[in-house]
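Below: upload.txt (compact mmCIF, C-alpha atoms)
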# COMPACT_ATOMS: atom_id res chain seq x y z
CA MET A 1 9.69 73.82 -13.61
CA ASP A 2 11.87 73.37 -16.66
CA PRO A 3 10.37 70.50 -18.72
CA ALA A 4 13.88 69.51 -19.89
CA THR A 5 14.72 68.38 -16.35
CA SER A 6 12.13 65.61 -16.62
CA ARG A 7 14.00 64.04 -19.55
CA PRO A 8 17.40 62.37 -19.36
CA ALA A 9 20.34 64.56 -20.31
CA VAL A 10 22.37 63.77 -23.42
CA VAL A 11 25.92 62.67 -22.61
CA ILE A 12 28.57 62.88 -25.36
CA ASP A 13 32.26 62.11 -24.87
CA ASN A 14 34.26 63.24 -27.90
CA GLY A 15 37.58 61.43 -27.93
CA THR A 16 40.39 61.56 -30.45
CA GLY A 17 39.66 58.07 -31.73
CA TYR A 18 36.08 57.31 -30.75
CA THR A 19 33.01 59.22 -29.59
CA LYS A 20 30.67 57.72 -27.01
CA MET A 21 27.10 59.04 -26.87
CA GLY A 22 23.93 58.18 -25.01
CA PHE A 23 21.56 59.31 -22.29
CA ALA A 24 22.19 59.96 -18.59
CA GLY A 25 21.29 57.12 -16.27
CA ASN A 26 22.44 54.37 -18.61
CA VAL A 27 25.40 52.14 -17.75
CA GLU A 28 26.69 51.98 -21.32
CA PRO A 29 26.62 54.49 -24.18
CA CYS A 30 24.05 53.92 -26.92
CA PHE A 31 26.60 54.42 -29.71
CA ILE A 32 30.39 54.23 -29.98
CA VAL A 33 31.59 55.57 -33.35
CA PRO A 34 34.97 56.69 -34.74
CA THR A 35 35.47 60.45 -34.48
CA VAL A 36 35.80 61.02 -38.21
CA VAL A 37 33.83 62.97 -40.80
CA ALA A 38 33.66 62.26 -44.56
CA VAL A 39 32.82 65.43 -46.51
CA ASN A 40 31.92 65.65 -50.17
CA GLU A 41 34.40 68.25 -51.42
CA SER A 42 33.62 67.91 -55.11
CA PHE A 43 32.34 71.48 -55.31
CA VAL A 44 35.33 72.85 -53.42
CA ASN A 45 37.70 71.21 -55.88
CA GLN A 46 35.84 72.48 -58.93
CA PRO A 47 37.43 75.44 -60.74
CA ARG A 48 35.41 78.63 -60.50
CA VAL A 49 33.85 79.42 -63.88
CA SER A 50 33.97 83.12 -64.68
CA SER A 51 30.69 83.83 -66.40
CA THR A 52 28.25 86.68 -66.47
CA LYS A 53 25.29 84.38 -66.75
CA GLY A 54 23.46 84.14 -63.48
CA SER A 55 22.17 80.63 -64.23
CA ASN A 56 25.70 79.15 -64.24
CA TRP A 57 26.56 80.76 -60.94
CA LEU A 58 23.23 79.66 -59.45
CA ALA A 59 23.90 76.08 -60.51
CA GLN A 60 27.34 76.22 -58.92
CA HIS A 61 25.92 77.71 -55.76
CA SER A 62 23.24 75.01 -55.52
CA ALA A 63 25.87 72.32 -56.02
CA GLY A 64 27.94 73.86 -53.24
CA VAL A 65 25.01 73.86 -50.84
CA MET A 66 24.33 70.18 -51.57
CA ALA A 67 28.01 69.31 -51.16
CA ASP A 68 28.07 71.11 -47.84
CA LEU A 69 25.14 69.01 -46.60
CA ASP A 70 26.52 65.77 -47.98
CA PHE A 71 28.66 64.30 -45.20
CA TYR A 72 28.87 61.19 -43.03
CA ILE A 73 30.43 60.30 -39.68
CA GLY A 74 31.80 57.20 -37.98
CA GLU A 75 32.00 53.85 -39.73
CA GLU A 76 29.76 55.15 -42.50
CA ALA A 77 32.31 57.88 -43.22
CA LEU A 78 35.10 55.31 -43.49
CA ALA A 79 33.01 53.19 -45.85
CA ARG A 80 32.11 56.19 -48.05
CA SER A 81 35.75 57.26 -48.37
CA LYS A 82 36.64 53.77 -49.63
CA SER A 83 33.81 53.52 -52.12
CA SER A 84 34.05 57.03 -53.57
CA THR A 85 36.89 59.39 -54.34
CA THR A 86 34.70 62.47 -53.80
CA TYR A 87 34.64 62.01 -50.02
CA ASN A 88 37.63 63.15 -48.00
CA LEU A 89 38.15 62.04 -44.41
CA ASN A 90 38.63 64.62 -41.69
CA TYR A 91 39.50 63.85 -38.08
CA PRO A 92 38.15 66.81 -36.03
CA ILE A 93 40.26 66.01 -32.94
CA ARG A 94 44.00 65.48 -33.10
CA HIS A 95 46.14 64.56 -30.10
CA GLY A 96 43.46 65.68 -27.67
CA GLN A 97 42.90 69.05 -29.38
CA VAL A 98 40.04 70.09 -31.66
CA ASP A 99 41.70 70.63 -35.02
CA ASN A 100 38.70 71.44 -37.23
CA TRP A 101 35.73 73.23 -35.64
CA ASP A 102 33.55 73.05 -38.76
CA ALA A 103 33.96 69.28 -38.91
CA MET A 104 33.31 69.11 -35.16
CA GLU A 105 30.02 70.97 -35.59
CA ARG A 106 28.97 68.63 -38.40
CA PHE A 107 29.87 65.67 -36.23
CA TRP A 108 27.68 66.95 -33.38
CA GLN A 109 24.75 67.48 -35.74
CA GLN A 110 24.88 63.87 -36.89
CA CYS A 111 25.28 62.61 -33.32
CA ILE A 112 22.18 64.45 -32.12
CA PHE A 113 19.80 64.23 -35.07
CA ASN A 114 20.84 61.00 -36.79
CA TYR A 115 22.11 58.75 -33.99
CA LEU A 116 20.39 59.88 -30.79
CA ARG A 117 17.39 61.30 -32.70
CA CYS A 118 16.52 63.89 -30.08
CA ASP A 119 15.49 67.54 -30.09
CA PRO A 120 18.18 69.76 -28.50
CA GLU A 121 15.46 71.99 -27.07
CA ASP A 122 14.13 69.11 -24.97
CA HIS A 123 17.35 67.97 -23.29
CA TYR A 124 20.26 69.19 -21.23
CA PHE A 125 23.70 68.28 -22.53
CA CYS A 126 26.80 66.97 -20.76
CA LEU A 127 29.71 67.31 -23.18
CA TYR A 128 33.26 66.08 -22.73
CA ILE A 129 35.52 67.54 -25.40
CA ALA A 130 39.28 67.15 -25.51
CA VAL A 131 40.00 70.83 -26.12
CA GLN A 132 42.24 71.82 -23.23
CA PRO A 133 45.09 70.23 -21.29
CA VAL A 134 43.87 68.41 -18.22
CA LEU A 135 46.30 70.43 -16.07
CA ALA A 136 44.66 73.70 -17.05
CA LEU A 137 41.20 72.35 -16.26
CA ALA A 138 42.24 70.92 -12.93
CA ALA A 139 43.81 74.20 -11.89
CA GLY A 140 40.55 76.00 -12.66
CA TYR A 141 42.10 77.89 -15.57
CA THR A 142 39.99 78.55 -18.66
CA ALA A 143 41.58 79.51 -21.95
CA SER A 144 39.21 82.25 -23.09
CA LYS A 145 39.64 81.78 -26.85
CA VAL A 146 39.11 78.03 -26.68
CA GLU A 147 36.21 78.36 -24.26
CA LYS A 148 34.51 80.94 -26.48
CA MET A 149 34.92 78.68 -29.49
CA VAL A 150 33.38 75.76 -27.62
CA LEU A 151 30.43 77.85 -26.45
CA SER A 152 29.95 79.33 -29.91
CA LYS A 153 29.86 76.00 -31.72
CA VAL A 154 27.71 74.32 -29.07
CA ALA A 155 25.26 77.22 -29.19
CA GLU A 156 25.05 77.10 -32.98
CA CYS A 157 24.57 73.35 -33.02
CA PHE A 158 22.17 72.99 -30.09
CA GLY A 159 20.20 76.22 -30.56
CA LEU A 160 20.96 78.42 -27.56
CA GLY A 161 18.09 80.81 -28.27
CA ALA A 162 15.56 77.99 -27.88
CA GLY A 163 16.60 77.00 -24.41
CA PRO A 164 19.40 76.81 -21.85
CA VAL A 165 22.68 75.13 -22.60
CA SER A 166 24.05 72.95 -19.84
CA LYS A 167 27.66 73.99 -19.40
CA LYS A 168 30.04 71.68 -17.62
CA ASN A 169 33.76 72.27 -18.09
CA SER A 170 34.68 70.00 -20.96
CA GLY A 171 37.53 67.57 -20.41
CA LYS A 172 38.55 64.69 -18.21
CA ALA A 173 39.74 66.48 -15.10
CA ASP A 174 36.37 67.50 -13.70
CA ASN A 175 35.13 63.97 -14.30
CA VAL A 176 37.80 62.37 -12.15
CA GLN A 177 35.78 62.76 -8.98
CA THR A 178 32.89 60.90 -10.59
CA LYS A 179 35.19 58.09 -11.71
CA LEU A 180 36.48 57.67 -8.17
CA MET A 181 33.17 57.93 -6.35
CA THR A 182 33.86 54.60 -4.61
CA PHE A 183 37.42 55.61 -3.64
CA ASP A 184 38.61 58.10 -1.07
CA MET A 185 41.88 58.49 -2.92
CA GLY A 186 43.28 57.21 -6.16
CA VAL A 187 45.13 57.86 -9.40
CA VAL A 188 43.33 57.86 -12.75
CA VAL A 189 45.51 56.65 -15.62
CA ASP A 190 43.56 57.79 -18.67
CA VAL A 191 45.04 56.42 -21.90
CA GLY A 192 43.00 57.46 -24.91
CA ASP A 193 43.74 57.47 -28.61
CA GLY A 194 45.29 60.93 -28.67
CA ALA A 195 46.48 61.73 -25.13
CA THR A 196 47.60 60.05 -21.90
CA HIS A 197 47.07 61.69 -18.51
CA VAL A 198 47.88 60.60 -14.98
CA VAL A 199 45.63 62.43 -12.50
CA PRO A 200 45.87 61.98 -8.70
CA VAL A 201 42.81 62.55 -6.52
CA ALA A 202 42.91 62.98 -2.74
CA ASP A 203 39.75 63.31 -0.64
CA GLY A 204 37.72 63.99 -3.76
CA TYR A 205 39.97 66.82 -5.02
CA VAL A 206 42.36 66.76 -7.96
CA ILE A 207 45.99 67.43 -6.99
CA GLY A 208 46.63 69.75 -9.92
CA SER A 209 50.34 70.24 -9.32
CA SER A 210 50.98 66.49 -9.60
CA ILE A 211 49.19 65.80 -12.90
CA LYS A 212 51.42 64.23 -15.54
CA SER A 213 50.91 63.87 -19.28
CA ILE A 214 52.90 61.90 -21.84
CA PRO A 215 52.93 62.21 -25.64
CA ILE A 216 52.28 58.50 -26.22
CA ALA A 217 48.74 57.19 -26.68
CA GLY A 218 46.67 54.72 -28.68
CA GLU A 219 47.29 56.41 -32.03
CA ASP A 220 51.03 55.94 -31.53
CA VAL A 221 50.46 52.22 -31.01
CA THR A 222 48.56 52.14 -34.31
CA LEU A 223 51.33 54.03 -36.14
CA PHE A 224 53.98 51.71 -34.68
CA ILE A 225 52.07 48.62 -35.84
CA GLN A 226 51.67 50.22 -39.27
CA GLN A 227 55.42 50.89 -39.38
CA LEU A 228 56.33 47.33 -38.36
CA MET A 229 54.05 45.79 -41.01
CA ARG A 230 55.40 48.13 -43.68
CA GLU A 231 59.04 47.35 -42.81
CA ARG A 232 58.34 43.61 -42.94
CA GLY A 233 56.95 44.04 -46.46
CA GLU A 234 53.36 43.01 -45.87
CA HIS A 235 51.19 43.53 -48.96
CA VAL A 236 48.66 45.97 -47.52
CA PRO A 237 47.32 48.74 -49.79
CA PRO A 238 48.77 52.09 -48.69
CA GLU A 239 45.33 53.66 -48.36
CA GLU A 240 44.27 50.77 -46.11
CA SER A 241 47.40 50.45 -43.98
CA PHE A 242 46.35 52.72 -41.10
CA GLU A 243 42.87 51.19 -40.75
CA VAL A 244 44.32 47.67 -40.92
CA ALA A 245 46.84 48.58 -38.22
CA ARG A 246 44.01 49.97 -36.06
CA LYS A 247 41.97 46.78 -36.46
CA VAL A 248 45.02 44.65 -35.67
CA LYS A 249 45.60 46.69 -32.51
CA GLU A 250 42.01 46.29 -31.34
CA MET A 251 41.60 42.60 -32.23
CA TYR A 252 44.96 40.87 -31.75
CA CYS A 253 47.31 42.92 -29.55
CA TYR A 254 48.15 41.97 -25.97
CA THR A 255 50.64 42.92 -23.27
CA CYS A 256 53.46 40.46 -22.58
CA SER A 257 55.36 39.99 -19.33
CA ASP A 258 58.80 39.49 -20.94
CA ILE A 259 59.54 40.73 -24.44
CA VAL A 260 62.51 38.37 -25.00
CA LYS A 261 60.51 35.28 -24.01
CA GLU A 262 57.69 36.43 -26.26
CA PHE A 263 60.05 36.64 -29.25
CA ASN A 264 61.23 33.08 -28.53
CA LYS A 265 57.65 31.80 -28.27
CA HIS A 266 56.75 33.28 -31.66
CA ASP A 267 59.92 31.86 -33.25
CA LYS A 268 59.40 28.32 -31.85
CA GLU A 269 55.67 28.03 -32.61
CA PRO A 270 54.82 30.50 -35.39
CA ALA A 271 51.68 28.60 -36.39
CA LYS A 272 50.27 29.07 -32.88
CA TYR A 273 50.95 32.79 -32.46
CA ILE A 274 50.96 34.31 -35.95
CA LYS A 275 47.53 35.52 -37.07
CA HIS A 276 46.32 36.28 -40.56
CA TRP A 277 44.45 39.29 -41.86
CA ARG A 278 42.39 39.17 -45.03
CA GLY A 279 40.90 42.14 -46.80
CA THR A 280 39.80 43.53 -50.15
CA LYS A 281 41.50 46.34 -52.03
CA PRO A 282 39.05 49.25 -52.19
CA LYS A 283 40.00 50.35 -55.70
CA THR A 284 40.20 47.03 -57.56
CA GLY A 285 38.22 44.72 -55.30
CA ALA A 286 41.08 42.19 -55.37
CA PRO A 287 41.60 40.19 -52.15
CA TYR A 288 44.82 40.47 -50.15
CA SER A 289 46.20 38.91 -46.99
CA CYS A 290 49.00 39.61 -44.53
CA ASP A 291 50.57 38.01 -41.47
CA ILE A 292 50.38 39.51 -37.99
CA GLY A 293 53.39 38.54 -35.93
CA TYR A 294 55.60 40.41 -33.48
CA GLU A 295 53.45 43.54 -33.63
CA ARG A 296 50.83 41.72 -31.54
CA PHE A 297 52.92 42.35 -28.42
CA LEU A 298 55.30 45.04 -29.66
CA GLY A 299 52.43 47.51 -30.16
CA PRO A 300 51.39 47.83 -26.47
CA GLU A 301 55.06 47.60 -25.47
CA VAL A 302 55.53 51.28 -26.41
CA PHE A 303 53.92 52.22 -23.06
CA PHE A 304 56.57 50.26 -21.14
CA ASN A 305 59.60 50.68 -23.44
CA PRO A 306 58.84 53.81 -25.50
CA GLU A 307 62.39 53.96 -26.88
CA ILE A 308 61.50 51.18 -29.37
CA TYR A 309 59.07 53.61 -31.02
CA SER A 310 60.52 57.10 -30.54
CA SER A 311 63.69 58.67 -29.18
CA ASP A 312 61.88 61.90 -28.29
CA PHE A 313 60.21 60.45 -25.20
CA THR A 314 61.72 57.46 -23.36
CA THR A 315 60.05 57.48 -19.93
CA PRO A 316 57.87 54.36 -19.38
CA LEU A 317 54.31 54.80 -18.17
CA PRO A 318 55.00 53.10 -14.77
CA ASP A 319 57.78 55.63 -14.11
CA VAL A 320 55.43 58.51 -14.97
CA ILE A 321 52.81 57.17 -12.52
CA ASP A 322 55.48 56.80 -9.83
CA LYS A 323 56.69 60.39 -10.35
CA CYS A 324 53.10 61.61 -10.21
CA ILE A 325 52.49 59.92 -6.86
CA GLN A 326 55.86 60.94 -5.44
CA SER A 327 55.09 64.58 -6.19
CA ALA A 328 51.81 64.35 -4.23
CA PRO A 329 51.64 65.13 -0.46
CA ILE A 330 53.52 62.48 1.50
CA ASP A 331 50.52 61.47 3.62
CA THR A 332 48.50 60.53 0.51
CA ARG A 333 51.05 58.41 -1.31
CA ARG A 334 50.25 54.99 0.16
CA ALA A 335 46.56 55.43 -0.61
CA LEU A 336 47.38 56.58 -4.15
CA TYR A 337 49.55 53.53 -4.85
CA LYS A 338 46.72 51.35 -3.57
CA ASN A 339 44.14 52.68 -6.05
CA VAL A 340 45.51 53.16 -9.56
CA VAL A 341 42.38 53.21 -11.75
CA LEU A 342 42.56 52.58 -15.50
CA SER A 343 40.45 54.54 -17.98
CA GLY A 344 40.35 54.74 -21.77
CA GLY A 345 40.23 52.31 -24.66
CA SER A 346 44.02 52.00 -24.90
CA THR A 347 44.12 50.29 -21.47
CA MET A 348 42.00 47.40 -22.78
CA PHE A 349 44.92 45.27 -23.96
CA LYS A 350 44.98 41.83 -22.40
CA ASP A 351 47.07 41.77 -19.17
CA PHE A 352 47.78 45.51 -19.43
CA HIS A 353 46.83 46.08 -15.77
CA ARG A 354 48.96 43.14 -14.58
CA ARG A 355 52.06 44.38 -16.41
CA LEU A 356 51.50 47.93 -15.15
CA GLN A 357 51.06 46.73 -11.56
CA ARG A 358 54.17 44.51 -11.74
CA ASP A 359 56.44 47.25 -13.15
CA LEU A 360 55.10 49.86 -10.73
CA LYS A 361 55.58 47.44 -7.83
CA LYS A 362 59.21 46.89 -8.88
CA ILE A 363 59.90 50.63 -8.77
CA VAL A 364 58.30 51.01 -5.33
CA ASP A 365 60.05 47.94 -3.87
CA ALA A 366 63.42 49.11 -5.18
CA ARG A 367 62.90 52.45 -3.43
CA VAL A 368 61.98 50.72 -0.15
CA LEU A 369 65.09 48.49 -0.32
CA ALA A 370 67.31 51.50 -1.07
CA SER A 371 65.82 53.30 1.93
CA ASP A 372 66.50 50.32 4.18
CA ALA A 373 70.09 50.12 2.91
CA ARG A 374 70.68 53.82 3.65
CA LEU A 375 69.41 53.37 7.19
CA GLY A 376 71.64 50.34 7.76
CA GLY A 377 68.75 48.14 8.86
CA GLU A 378 68.06 50.17 12.01
CA ILE A 379 64.54 51.07 10.84
CA LYS A 380 62.67 48.79 8.49
CA ALA A 381 60.16 50.45 6.18
CA GLN A 382 56.69 49.00 5.86
CA PRO A 383 55.92 47.46 2.44
CA VAL A 384 53.84 49.59 0.10
CA GLU A 385 50.78 47.98 -1.42
CA VAL A 386 50.41 48.61 -5.16
CA ASN A 387 47.10 47.86 -6.83
CA VAL A 388 46.06 48.64 -10.41
CA VAL A 389 42.28 48.50 -10.74
CA SER A 390 40.84 47.09 -13.96
CA HIS A 391 37.07 47.30 -14.32
CA PRO A 392 34.48 46.43 -17.00
CA ILE A 393 33.62 50.04 -17.90
CA GLN A 394 37.17 51.37 -18.24
CA ARG A 395 36.79 51.68 -22.03
CA TYR A 396 34.11 54.35 -21.61
CA ALA A 397 34.75 55.46 -18.04
CA VAL A 398 34.59 59.15 -18.98
CA TRP A 399 31.16 58.69 -20.55
CA PHE A 400 29.92 56.67 -17.58
CA GLY A 401 31.10 59.40 -15.22
CA GLY A 402 29.15 61.93 -17.26
CA SER A 403 26.09 59.66 -17.13
CA VAL A 404 26.26 59.50 -13.34
CA LEU A 405 26.93 63.23 -13.07
CA ALA A 406 24.03 64.18 -15.36
CA SER A 407 21.68 61.96 -13.34
CA THR A 408 22.08 64.06 -10.19
CA PRO A 409 19.73 66.97 -9.39
CA GLU A 410 22.74 69.28 -8.98
CA PHE A 411 23.60 68.88 -12.66
CA PHE A 412 20.52 70.84 -13.76
CA THR A 413 21.54 73.79 -11.59
CA VAL A 414 24.89 74.14 -13.39
CA ARG A 415 23.97 75.73 -16.68
CA LEU A 416 24.79 78.72 -18.84
CA PRO A 417 21.84 81.06 -19.38
CA GLU A 418 21.73 83.11 -22.58
CA ALA A 419 22.43 86.37 -20.72
CA ILE A 420 25.70 85.04 -19.30
CA TYR A 421 26.63 83.60 -22.69
CA LEU A 422 26.16 86.98 -24.35
CA HIS A 423 28.11 88.66 -21.54
CA ILE A 424 31.08 86.32 -22.09
CA PHE A 425 31.24 87.18 -25.78
CA SER A 426 31.03 90.91 -25.03
CA LEU A 427 34.22 90.81 -22.98
Encoding of this model in structure tokens:
Amino acid sequence: MDPATSRPAVVIDNGTGYTKMGFAGNVEPCFIVPTVVAVNESFVNQPRVSSTKGSNWLAQHSAGVMADLDFYIGEEALARSKSSTTYNLNYPIRHGQVDNWDAMERFWQQCIFNYLRCDPEDHYFCLYIAVQPVLALAAGYTASKVEKMVLSKVAECFGLGAGPVSKKNSGKADNVQTKLMTFDMGVVVDVGDGATHVVPVADGYVIGSSIKSIPIAGEDVTLFIQQLMRERGEHVPPEESFEVARKVKEMYCYTCSDIVKEFNKHDKEPAKYIKHWRGTKPKTGAPYSCDIGYERFLGPEVFFNPEIYSSDFTTPLPDVIDKCIQSAPIDTRRALYKNVVLSGGSTMFKDFHRRLQRDLKKIVDARVLASDARLGGEIKAQPVEVNVVSHPIQRYAVWFGGSVLASTPEFFTVRLPEAIYLHIFSL
């Protein structure tokens, strides 16, 4: 018997904005940290000294080794970049795609050895990495170059030669069934920081041909808030503006039911609705403050009226969900409308699920009325129930699904032995 099966598997969900990590069987992740790495690049930026003396080159080499080992992740990385100019921030995942594999490997090392404090040889791993489009995963397609890169980095980081590497297709699509374990059918609306996917599930199977993705996610909300505050002339240090916008999004933003009424409310009672942000300039230590006004409700509004943010994509999220369901088999549509499940940190805005349910219901009711009008009242269509499910674990639903999955006995039978790994790389 493999001794690793007696210990809980390590579950890591690497998202564009945040990484959730913990052990299988738990309801919540042990740590939630920003997916960012601060690397000391002082040696990289130093000019190469051309000298024949071996001592000078040895000193430079030793400094390079130390610089390569000197890095931080998460909130500690953000703090280091503010306090020192020698640390540069690197976001390994951009828009749902791994952008820097070296930074990703460093991030994993810190997650395992510094945060979870476990030995990779003693645990199986369930990794969710945003490296491929959800459509490709759902269709069973594997991009060989990307897959090889994932396997290579995971093997280097976790030590493949010391033991087996649990291999579960990384991404959100194969986790959908776990998310909907209590539903026969449903639609997962997964809105993360870098990508938004709408995935329908019928009888436990993903309907791959109906999956929809949109190029608007949580990071776009942050950038829109940053833009609004800059245009209004708020005195926020440029190097702090993105982080301030992110904090404003997470702490003060909410979804409104009527954007015009919300403008009037803020104009009539500004003292009640306008919030204040206070911070300290990282370079000088001088305090600063700014007002937080319309961006409180305009930020999340980009999901329902995306034209206020970008002219490249103008289809609201409720319309995308409706198109997704309408492209599914006709006998599954009523059940899909009835179970629209939210997932991802960018669905945590106050009243987000109510606004989404209301707008989706309007689209469905308008279609039913148009159908009745075409038939001249001879046949009356039955009303369609629309229900958007909001639940306490939707912020880390992907991680929770991995926790449930890695707790089952079947999980330990799905692994990648070293022989198969070597065979893949020989192809």
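Nearest to Lys247 of chain A of all the residues A:Pro270, A:Gly279, A:Pro306, A:Gly15 is A:Gly279, counting only C-alpha atoms.
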Nearest to Met251 of chain A by atom-to-atom distance, counting all atoms listed in the file, from A:Phe304, A:Phe349, A:Tyr128, A:Tyr294: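 Ranking A:Phe304, A:Phe349, A:Tyr128, A:Tyr294 by distance to Met251 of chain A, first place goes to A:Phe349.
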Distance of atom CA of Glu240 of chain A from atom CA of Asp13 of chain A, expressed in Å to one decimal place: 26.9 Å
Nearest candidate to Glu243 of chain A (options A:Glu231, A:Glu41, A:Glu219, A:Asp70; using only C-alpha atoms): A:Glu219
Segment 268-351 of chain A near segment 187-192 of chain A within 6 Å: what's each residue's closest atom pair and its distance in Å to one decimal, counting all atoms listed in the file, ordered by chain then ascending residue number, as CSV?
residue,atom,partner,partner_atom,distance
A:Leu336,CA,A:Val187,CA,5.9
A:Val340,CA,A:Val187,CA,4.7
A:Val341,CA,A:Val188,CA,4.9
A:Leu342,CA,A:Val189,CA,5.0
A:Ser343,CA,A:Asp190,CA,4.6
A:Gly344,CA,A:Gly192,CA,4.9
A:Gly345,CA,A:Gly192,CA,5.9
A:Ser346,CA,A:Val191,CA,5.4
